[in-house]
>>> print(open('coords_21.txt').read())   # compact mmCIF, C-alpha atoms
# COMPACT_ATOMS: atom_id res chain seq x y z
CA MET V 1 9.05 -19.68 13.46
CA SER V 2 9.91 -16.13 12.61
CA SER V 3 7.72 -13.40 14.08
CA VAL V 4 7.16 -10.56 11.66
CA SER V 5 5.02 -7.54 12.40
CA PHE V 6 3.86 -5.48 9.44
CA ARG V 7 2.41 -2.45 11.18
CA SER V 8 0.76 0.40 9.43
CA SER V 9 2.56 3.61 8.88
CA VAL V 10 -0.89 5.11 9.03
CA CYS V 11 -1.50 4.26 12.68
CA CYS V 12 0.51 4.44 15.87
CA ALA V 13 1.62 0.80 15.64
CA VAL V 14 3.98 1.70 12.78
CA SER V 15 6.56 2.88 15.26
CA LEU V 16 7.26 -0.78 16.03
CA LEU V 17 7.95 -1.70 12.41
CA LYS V 18 11.64 -0.90 12.66
CA GLN V 19 11.93 -3.55 15.39
CA SER V 20 10.65 -6.20 12.99
CA THR V 21 12.69 -8.65 11.00
CA LYS V 22 12.74 -8.62 7.21
CA ILE V 23 9.55 -10.05 5.77
CA CYS V 24 11.07 -12.33 3.14
CA ALA V 25 11.12 -15.51 5.24
CA THR V 26 8.85 -18.30 3.99
CA THR V 27 8.16 -19.66 7.47
CA ALA V 28 5.15 -18.63 9.53
CA GLN V 29 4.75 -14.87 9.72
CA ASN V 30 2.66 -12.67 11.98
CA TRP V 31 1.16 -9.49 10.53
CA VAL V 32 -0.64 -6.75 12.41
CA LEU V 33 -3.13 -5.21 10.02
CA PHE V 34 -4.65 -1.80 10.12
CA ASP V 35 -7.26 0.64 8.96
CA PRO V 36 -6.37 4.28 8.19
CA SER V 37 -9.53 5.42 9.99
CA TYR V 38 -7.53 4.58 13.13
CA LEU V 39 -5.78 7.91 12.58
CA LYS V 40 -8.96 9.63 13.65
CA LYS V 41 -8.96 7.72 16.96
CA CYS V 42 -5.28 8.14 17.69
CA SER V 43 -4.35 10.80 20.24
CA LEU V 44 -0.60 10.39 19.77
CA GLU V 45 1.44 12.46 17.34
CA ILE V 46 2.35 10.49 14.21
CA GLU V 47 4.91 12.83 12.69
CA PHE V 48 7.76 10.73 14.12
CA LEU V 49 6.70 7.59 12.25
CA LYS V 50 8.95 6.59 9.38
CA TYR V 51 7.56 5.38 6.06
CA SER V 52 7.57 6.40 2.43
CA ALA V 53 4.50 7.21 0.35
CA ILE V 54 4.15 6.97 -3.41
CA LEU V 55 1.26 8.80 -5.06
CA LEU V 56 0.10 7.68 -8.49
CA ASN V 57 -1.56 9.57 -11.29
CA GLY V 58 -5.32 9.31 -11.68
CA PRO V 59 -8.45 11.18 -12.67
CA SER V 60 -9.94 11.53 -9.20
CA SER V 61 -9.21 13.99 -6.41
CA ILE V 62 -7.30 12.82 -3.33
CA ALA V 63 -9.48 11.79 -0.37
CA ASP V 64 -8.71 13.53 2.90
CA ASP V 65 -7.80 10.24 4.65
CA VAL V 66 -5.38 9.38 1.86
CA TRP V 67 -3.90 12.88 1.95
CA ARG V 68 -3.21 12.57 5.66
CA VAL V 69 -1.15 9.44 5.03
CA TRP V 70 0.71 11.35 2.31
CA GLU V 71 1.47 14.43 4.39
CA HIS V 72 2.78 12.44 7.37
CA ALA V 73 5.17 10.33 5.28
CA SER V 74 8.85 10.86 5.94
CA PHE V 75 9.63 10.48 2.21
CA ARG V 76 7.18 11.42 -0.55
CA VAL V 77 7.46 10.39 -4.20
CA CYS V 78 5.08 11.21 -7.03
CA ALA V 79 4.92 8.74 -9.89
CA ASP V 80 4.89 11.08 -12.90
CA GLY V 81 1.42 12.67 -13.12
CA GLY V 82 0.80 12.12 -9.43
CA ILE V 83 2.26 15.61 -9.00
CA ASN V 84 -0.77 17.03 -10.84
CA ARG V 85 -3.04 15.60 -8.14
CA VAL V 86 -0.80 16.88 -5.33
CA PHE V 87 -0.90 20.39 -6.74
CA ALA V 88 -4.67 20.27 -7.23
CA TYR V 89 -5.22 19.18 -3.61
CA GLU V 90 -2.78 21.72 -2.20
CA ASP V 91 -4.24 24.53 -4.27
CA GLY V 92 -7.79 23.68 -3.20
CA ASN V 93 -7.11 22.99 0.47
CA LYS V 94 -4.11 25.25 1.18
CA ARG V 95 -2.18 22.38 2.77
CA ILE V 96 1.37 22.38 1.42
CA VAL V 97 3.93 19.62 1.98
CA ASP V 98 7.32 19.00 0.41
CA VAL V 99 7.60 16.46 -2.39
CA ASP V 100 10.95 14.68 -2.32
CA ALA V 101 10.93 13.37 -5.89
CA ILE V 102 8.91 13.05 -9.08
CA VAL V 103 9.82 9.86 -10.94
CA GLY V 104 8.78 8.68 -14.39
CA ASP V 105 9.05 9.42 -18.10
CA MET V 106 7.18 12.69 -17.47
CA ASP V 107 4.57 12.12 -20.15
CA SER V 108 1.69 13.09 -17.86
CA ALA V 109 3.20 15.52 -15.32
CA LYS V 110 2.47 19.11 -16.28
CA PRO V 111 5.70 20.85 -17.42
CA ARG V 112 4.96 23.98 -15.39
CA LEU V 113 4.64 21.87 -12.23
CA LEU V 114 7.90 20.06 -12.96
CA ARG V 115 9.60 23.44 -13.26
CA ALA V 116 7.98 24.85 -10.13
CA TYR V 117 8.60 21.84 -7.90
CA GLY V 118 12.11 21.38 -9.31
CA GLU V 119 12.94 24.97 -8.44
CA SER V 120 11.63 24.40 -4.90
CA GLY V 121 14.01 21.47 -4.33
CA THR V 122 12.09 18.41 -5.54
CA SER V 123 14.28 15.89 -7.38
CA ILE V 124 13.05 15.37 -10.96
CA VAL V 125 14.05 11.82 -11.91
CA ARG V 126 13.46 11.07 -15.59
CA ALA V 127 13.26 7.31 -16.14
CA ILE V 128 12.61 6.60 -19.80
CA ASN V 129 12.68 2.77 -19.72
CA GLN V 130 9.52 1.73 -21.58
CA ASP V 131 9.75 -1.81 -20.21
CA ALA V 132 8.89 -0.49 -16.73
CA HIS V 133 5.89 1.56 -15.67
CA ASP V 134 5.74 4.54 -13.35
CA LEU V 135 5.03 2.66 -10.12
CA SER V 136 7.90 0.20 -10.55
CA LYS V 137 10.22 3.11 -11.30
CA ALA V 138 9.03 4.97 -8.21
CA VAL V 139 9.40 1.87 -6.01
CA ASP V 140 12.93 1.22 -7.32
CA TYR V 141 13.89 4.84 -6.66
CA THR V 142 12.42 4.83 -3.15
CA LEU V 143 14.17 1.59 -2.15
CA ALA V 144 17.45 2.92 -3.57
CA GLN V 145 17.12 6.13 -1.54
CA ARG V 146 15.67 4.71 1.67
CA GLY V 147 16.95 1.13 1.86
CA GLU V 148 15.60 -2.29 0.97
CA ASN V 149 13.60 -2.60 4.22
CA GLU V 150 11.70 0.67 3.81
CA THR V 151 7.95 0.59 4.41
CA ILE V 152 6.17 1.93 1.32
CA ILE V 153 2.49 2.89 1.16
CA VAL V 154 1.29 3.22 -2.44
CA LEU V 155 -1.66 5.59 -2.56
CA ASP V 156 -4.66 5.28 -4.89
CA PRO V 157 -3.27 2.39 -6.99
CA PHE V 158 -6.63 1.66 -8.66
CA SER V 159 -7.98 5.12 -9.46
CA SER V 160 -6.82 5.16 -13.07
CA ARG V 161 -7.19 2.97 -16.16
CA LEU V 162 -7.60 -0.80 -15.90
CA ASP V 163 -4.32 -1.49 -17.73
CA HIS V 164 -2.53 0.76 -15.23
CA SER V 165 -4.23 -1.02 -12.34
CA LEU V 166 -3.10 -4.40 -13.71
CA ALA V 167 0.45 -3.11 -14.05
CA ASN V 168 0.36 -1.86 -10.45
CA LEU V 169 -0.85 -5.25 -9.21
CA HIS V 170 1.98 -6.87 -11.18
CA THR V 171 4.50 -4.69 -9.32
CA LEU V 172 3.03 -5.67 -5.94
CA ALA V 173 2.95 -9.37 -6.86
CA THR V 174 6.61 -9.38 -7.88
CA LEU V 175 7.73 -7.83 -4.58
CA PRO V 176 6.20 -10.04 -1.86
CA SER V 177 9.35 -9.79 0.27
CA ARG V 178 9.12 -5.98 0.56
CA ASN V 179 7.16 -3.89 3.06
CA ILE V 180 4.74 -2.55 0.46
CA ALA V 181 1.00 -1.99 0.76
CA PHE V 182 -1.60 -0.51 -1.59
CA LEU V 183 -3.94 1.98 0.07
CA SER V 184 -7.08 3.62 -1.28
CA SER V 185 -9.84 5.38 0.60
CA THR V 186 -11.84 2.12 0.72
CA SER V 187 -9.37 -0.77 0.90
CA MET V 188 -5.84 -2.01 1.42
CA THR V 189 -3.94 -4.75 -0.43
CA ILE V 190 -0.73 -6.61 0.39
CA ALA V 191 1.20 -9.48 -1.16
CA LEU V 192 1.78 -12.57 0.96
CA PRO V 193 4.71 -14.75 -0.12
CA LYS V 194 4.73 -18.54 -0.11
CA GLY V 195 4.32 -19.88 3.42
CA GLU V 196 2.08 -19.59 6.47
CA HIS V 197 0.72 -16.29 7.71
CA VAL V 198 -1.30 -15.08 10.70
CA LEU V 199 -3.09 -11.78 10.07
CA HIS V 200 -4.04 -10.07 13.32
CA TRP V 201 -6.85 -7.53 13.41
CA PRO V 202 -6.55 -4.93 16.22
CA ALA V 203 -9.35 -5.45 18.71
CA ASP V 204 -10.76 -1.94 18.45
CA LEU V 205 -10.83 -2.21 14.67
CA CYS V 206 -12.26 -5.71 14.43
CA PRO V 207 -16.01 -5.66 13.80
CA SER V 208 -17.95 -8.84 13.33
CA ALA V 209 -17.21 -8.87 9.62
CA ARG V 210 -15.31 -6.95 7.00
CA GLY V 211 -15.12 -7.67 3.30
CA CYS V 212 -11.97 -9.21 1.88
CA GLY V 213 -10.66 -11.03 -1.15
CA ILE V 214 -7.77 -13.31 -2.13
CA ALA V 215 -6.25 -13.78 -5.58
CA ALA V 216 -3.17 -15.67 -6.70
CA ALA V 217 -0.24 -13.87 -8.29
CA SER V 218 0.40 -17.23 -9.93
CA ALA V 219 -1.28 -20.60 -9.36
CA SER V 220 -1.34 -21.14 -5.57
CA TYR V 221 -2.97 -23.72 -3.33
CA CYS V 222 -4.46 -21.90 -0.38
CA THR V 223 -5.93 -22.82 3.02
CA THR V 224 -7.50 -20.30 5.39
CA GLN V 225 -9.06 -20.03 8.83
CA GLY V 226 -11.02 -17.09 10.19
CA LEU V 227 -12.99 -16.24 7.05
CA LYS V 228 -16.69 -16.72 6.49
CA TRP V 229 -15.93 -18.89 3.46
CA ASN V 230 -12.61 -20.60 4.15
CA LEU V 231 -10.41 -22.20 1.53
CA HIS V 232 -9.33 -25.80 2.03
CA GLY V 233 -6.33 -26.40 -0.17
CA ASP V 234 -8.16 -24.84 -3.11
CA LEU V 235 -6.24 -23.83 -6.22
CA LEU V 236 -6.33 -20.07 -6.66
CA GLN V 237 -5.77 -19.04 -10.25
CA LEU V 238 -7.24 -16.21 -12.28
CA ASP V 239 -8.97 -18.50 -14.76
CA LYS V 240 -10.10 -20.96 -12.05
CA LEU V 241 -10.83 -19.44 -8.64
CA VAL V 242 -10.66 -16.05 -6.96
CA SER V 243 -12.01 -15.64 -3.41
CA SER V 244 -14.05 -12.45 -3.61
CA SER V 245 -16.83 -10.96 -1.46
CA ASN V 246 -15.47 -12.98 1.46
CA GLU V 247 -15.60 -11.78 5.06
CA VAL V 248 -13.26 -11.66 8.03
CA VAL V 249 -15.13 -13.10 11.03
CA ALA V 250 -12.40 -13.56 13.65
CA THR V 251 -9.74 -11.50 15.41
CA HIS V 252 -7.08 -13.15 13.29
CA THR V 253 -6.93 -14.85 9.91
CA GLU V 254 -4.63 -17.78 9.15
CA ILE V 255 -3.49 -18.27 5.56
CA SER V 256 -1.24 -20.93 4.07
CA CYS V 257 -0.28 -20.56 0.41
CA SER V 258 1.99 -22.50 -1.93
CA ASP V 259 2.92 -19.35 -3.88
CA THR V 260 2.47 -15.59 -3.69
CA ILE V 261 -1.09 -14.35 -3.20
CA LEU V 262 -2.70 -10.92 -2.98
CA PHE V 263 -4.88 -10.24 0.06
CA SER V 264 -7.21 -7.26 0.11
CA TRP V 265 -9.60 -6.01 2.78
CA ASN V 266 -12.16 -3.23 2.92
CA PHE V 267 -12.46 -0.48 5.50
CA LEU V 268 -15.71 -0.21 7.40
CA ARG V 269 -17.03 3.29 7.66
CA SER V 270 -18.89 4.52 10.72
>>> encode(input="coords_21.txt", output="structure tokens")
Amino acid sequence: MSSVSFRSSVCCAVSLLKQSTKICATTAQNWVLFDPSYLKKCSLEIEFLKYSAILLNGPSSIADDVWRVWEHASFRVCADGGINRVFAYEDGNKRIVDVDAIVGDMDSAKPRLLRAYGESGTSIVRAINQDAHDLSKAVDYTLAQRGENETIIVLDPFSSRLDHSLANLHTLATLPSRNIAFLSSTSMTIALPKGEHVLHWPADLCPSARGCGIAAASASYCTTQGLKWNLHGDLLQLDKLVSSSNEVVATHTEISCSDTILFSWNFLRS
């Protein structure tokens, strides 16, 4: 049994990630899950933690919790129009951080921002391939620059159009062996590859229940323990069954799946 810890770059436990083995094994895996609100409870400095953040384009402003994850990343990449949101937040809050790269076909990034950030040292990476969308281009660029085992937090993946959200989920589903998580101000989503998984909830972040959901990237038989409504070898498939409005009711959740699934959980707000 391989022991794999997927620890959040948005809490102090991330510092242990680099001691973990690669998360592509299909044998039983242990994951330590997290909640970005933990940042508010953490007295340790987090600047030394190493992870990359990718910010996507969207119509909404950036939440403060999400911005804190962005500003403490060791490598920051905007997917095309994500730079518009960065500038808007920085201009309104007077909190400036370096952007390492802007990646995409540049159809939504404002030209004046591309010029300004490019002149300040940001790499402008024009990727015109119309068979790939901005997130997949940004992920490919980040892995090429930082290495295949880099932890990547994708910020606000569902704040834009539905077709963009579906494309983002497709990217996550096709990369279950990578350390990639989707983070919004209300939830987090990861891809679990075929195999057995134990999802550990930190004791101080484990209330009696938190909302969660499971969907199959492709048809997958799934068994769970530790949820209010467990699955018992049920076939997860978009046109058959999706486990939604479920609840975590234990300190750890066990999941066995015959193919890649997407697991999402909500953050409880005090």
>>> residues_near_point(input="coords_21.txt", point="(1.7, -20.7, -8.9)", cutoff="9 Å", atoms="all atoms listed in the file", output="PyMOL selection string")
chain V and resi 216-221+235-237+258-261
>>> atom_distance(input="coords_21.txt", atom1="atom CA of V:Phe263", atom2="atom CA of V:Ile190")
5.5 Å
>>> residues_around(input="coords_21.txt", residues="V:Pro111", least_positions_apart="3", cutoff="12 Å", atoms="all atoms listed in the file", output="VMD selection string")
chain V and resid 80 to 81 83 to 84 102 105 to 108 114 to 118 124
>>> closest_residue(input="coords_21.txt", among="V:Val97, V:Val125, V:Leu113, V:Ala181", to="V:Thr151", atoms="only C-alpha atoms")
V:Ala181
>>> atom_distance(input="coords_21.txt", atom1="atom CA of V:Ser244", atom2="atom CA of V:Leu175")
22.3 Å
>>> residues_around(input="coords_21.txt", residues="V:Leu169", least_positions_apart="2", cutoff="10 Å", atoms="only C-alpha atoms", output="PyMOL selection string")
chain V and resi 135+157-158+163-167+171-174+182+189-191+217+262
>>> closest_residue(input="coords_21.txt", among="V:Arg85, V:Arg178, V:Arg126, V:Arg68", to="V:Gly147", atoms="only C-alpha atoms")
V:Arg178
>>> atom_distance(input="coords_21.txt", atom1="atom CA of V:Met188", atom2="atom CA of V:Glu247")
14.3 Å
>>> build_atoms(input="coords_21.txt", residues="stretch 174-193 of chain V", atoms="N, CA, C and O atoms", output="PDB file, keeping the file's coordinate frame")
ATOM      1  N   THR V 174       5.208  -9.001  -7.671  1.00  0.00           N
ATOM      2  CA  THR V 174       6.610  -9.380  -7.880  1.00  0.00           C
ATOM      3  C   THR V 174       7.503  -8.963  -6.726  1.00  0.00           C
ATOM      4  O   THR V 174       8.704  -9.262  -6.733  1.00  0.00           O
ATOM      5  N   LEU V 175       6.925  -8.299  -5.715  1.00  0.00           N
ATOM      6  CA  LEU V 175       7.730  -7.830  -4.580  1.00  0.00           C
ATOM      7  C   LEU V 175       7.146  -8.294  -3.245  1.00  0.00           C
ATOM      8  O   LEU V 175       6.978  -7.498  -2.320  1.00  0.00           O
ATOM      9  N   PRO V 176       6.839  -9.589  -3.101  1.00  0.00           N
ATOM     10  CA  PRO V 176       6.200 -10.040  -1.860  1.00  0.00           C
ATOM     11  C   PRO V 176       7.113  -9.956  -0.641  1.00  0.00           C
ATOM     12  O   PRO V 176       6.638 -10.025   0.496  1.00  0.00           O
ATOM     13  N   SER V 177       8.426  -9.828  -0.854  1.00  0.00           N
ATOM     14  CA  SER V 177       9.350  -9.790   0.270  1.00  0.00           C
ATOM     15  C   SER V 177       9.602  -8.359   0.754  1.00  0.00           C
ATOM     16  O   SER V 177      10.400  -8.132   1.653  1.00  0.00           O
ATOM     17  N   ARG V 178       8.943  -7.383   0.164  1.00  0.00           N
ATOM     18  CA  ARG V 178       9.120  -5.980   0.560  1.00  0.00           C
ATOM     19  C   ARG V 178       7.952  -5.521   1.429  1.00  0.00           C
ATOM     20  O   ARG V 178       6.858  -6.058   1.377  1.00  0.00           O
ATOM     21  N   ASN V 179       8.207  -4.476   2.217  1.00  0.00           N
ATOM     22  CA  ASN V 179       7.160  -3.890   3.060  1.00  0.00           C
ATOM     23  C   ASN V 179       6.353  -2.892   2.236  1.00  0.00           C
ATOM     24  O   ASN V 179       6.492  -1.677   2.376  1.00  0.00           O
ATOM     25  N   ILE V 180       5.517  -3.398   1.354  1.00  0.00           N
ATOM     26  CA  ILE V 180       4.740  -2.550   0.460  1.00  0.00           C
ATOM     27  C   ILE V 180       3.264  -2.866   0.605  1.00  0.00           C
ATOM     28  O   ILE V 180       2.866  -4.028   0.639  1.00  0.00           O
ATOM     29  N   ALA V 181       2.445  -1.819   0.695  1.00  0.00           N
ATOM     30  CA  ALA V 181       1.000  -1.990   0.760  1.00  0.00           C
ATOM     31  C   ALA V 181       0.341  -0.987  -0.162  1.00  0.00           C
ATOM     32  O   ALA V 181       0.844   0.130  -0.358  1.00  0.00           O
ATOM     33  N   PHE V 182      -0.784  -1.390  -0.762  1.00  0.00           N
ATOM     34  CA  PHE V 182      -1.600  -0.510  -1.590  1.00  0.00           C
ATOM     35  C   PHE V 182      -2.728   0.039  -0.733  1.00  0.00           C
ATOM     36  O   PHE V 182      -3.461  -0.724  -0.096  1.00  0.00           O
ATOM     37  N   LEU V 183      -2.911   1.340  -0.746  1.00  0.00           N
ATOM     38  CA  LEU V 183      -3.940   1.980   0.070  1.00  0.00           C
ATOM     39  C   LEU V 183      -4.817   2.889  -0.784  1.00  0.00           C
ATOM     40  O   LEU V 183      -4.315   3.757  -1.504  1.00  0.00           O
ATOM     41  N   SER V 184      -6.116   2.678  -0.709  1.00  0.00           N
ATOM     42  CA  SER V 184      -7.080   3.620  -1.280  1.00  0.00           C
ATOM     43  C   SER V 184      -7.968   4.094  -0.141  1.00  0.00           C
ATOM     44  O   SER V 184      -7.767   3.714   1.019  1.00  0.00           O
ATOM     45  N   SER V 185      -8.955   4.891  -0.454  1.00  0.00           N
ATOM     46  CA  SER V 185      -9.840   5.380   0.600  1.00  0.00           C
ATOM     47  C   SER V 185     -10.818   4.310   1.064  1.00  0.00           C
ATOM     48  O   SER V 185     -11.509   4.497   2.070  1.00  0.00           O
ATOM     49  N   THR V 186     -10.866   3.168   0.371  1.00  0.00           N
ATOM     50  CA  THR V 186     -11.840   2.120   0.720  1.00  0.00           C
ATOM     51  C   THR V 186     -11.212   0.776   1.044  1.00  0.00           C
ATOM     52  O   THR V 186     -11.878  -0.092   1.617  1.00  0.00           O
ATOM     53  N   SER V 187      -9.941   0.556   0.704  1.00  0.00           N
ATOM     54  CA  SER V 187      -9.370  -0.770   0.900  1.00  0.00           C
ATOM     55  C   SER V 187      -7.857  -0.729   0.979  1.00  0.00           C
ATOM     56  O   SER V 187      -7.230   0.294   0.663  1.00  0.00           O
ATOM     57  N   MET V 188      -7.284  -1.845   1.392  1.00  0.00           N
ATOM     58  CA  MET V 188      -5.840  -2.010   1.420  1.00  0.00           C
ATOM     59  C   MET V 188      -5.500  -3.387   0.888  1.00  0.00           C
ATOM     60  O   MET V 188      -6.248  -4.349   1.088  1.00  0.00           O
ATOM     61  N   THR V 189      -4.361  -3.500   0.187  1.00  0.00           N
ATOM     62  CA  THR V 189      -3.940  -4.750  -0.430  1.00  0.00           C
ATOM     63  C   THR V 189      -2.462  -4.978  -0.160  1.00  0.00           C
ATOM     64  O   THR V 189      -1.653  -4.053  -0.248  1.00  0.00           O
ATOM     65  N   ILE V 190      -2.127  -6.228   0.200  1.00  0.00           N
ATOM     66  CA  ILE V 190      -0.730  -6.610   0.390  1.00  0.00           C
ATOM     67  C   ILE V 190      -0.471  -7.908  -0.338  1.00  0.00           C
ATOM     68  O   ILE V 190      -1.397  -8.637  -0.689  1.00  0.00           O
ATOM     69  N   ALA V 191       0.793  -8.197  -0.584  1.00  0.00           N
ATOM     70  CA  ALA V 191       1.200  -9.480  -1.160  1.00  0.00           C
ATOM     71  C   ALA V 191       1.754 -10.363  -0.055  1.00  0.00           C
ATOM     72  O   ALA V 191       2.568  -9.919   0.763  1.00  0.00           O
ATOM     73  N   LEU V 192       1.293 -11.598  -0.009  1.00  0.00           N
ATOM     74  CA  LEU V 192       1.780 -12.570   0.960  1.00  0.00           C
ATOM     75  C   LEU V 192       2.613 -13.610   0.218  1.00  0.00           C
ATOM     76  O   LEU V 192       2.099 -14.268  -0.701  1.00  0.00           O
ATOM     77  N   PRO V 193       3.884 -13.768   0.574  1.00  0.00           N
ATOM     78  CA  PRO V 193       4.710 -14.750  -0.120  1.00  0.00           C
ATOM     79  C   PRO V 193       4.373 -16.182   0.292  1.00  0.00           C
ATOM     80  O   PRO V 193       3.618 -16.411   1.252  1.00  0.00           O
TER      81      PRO V 193
END
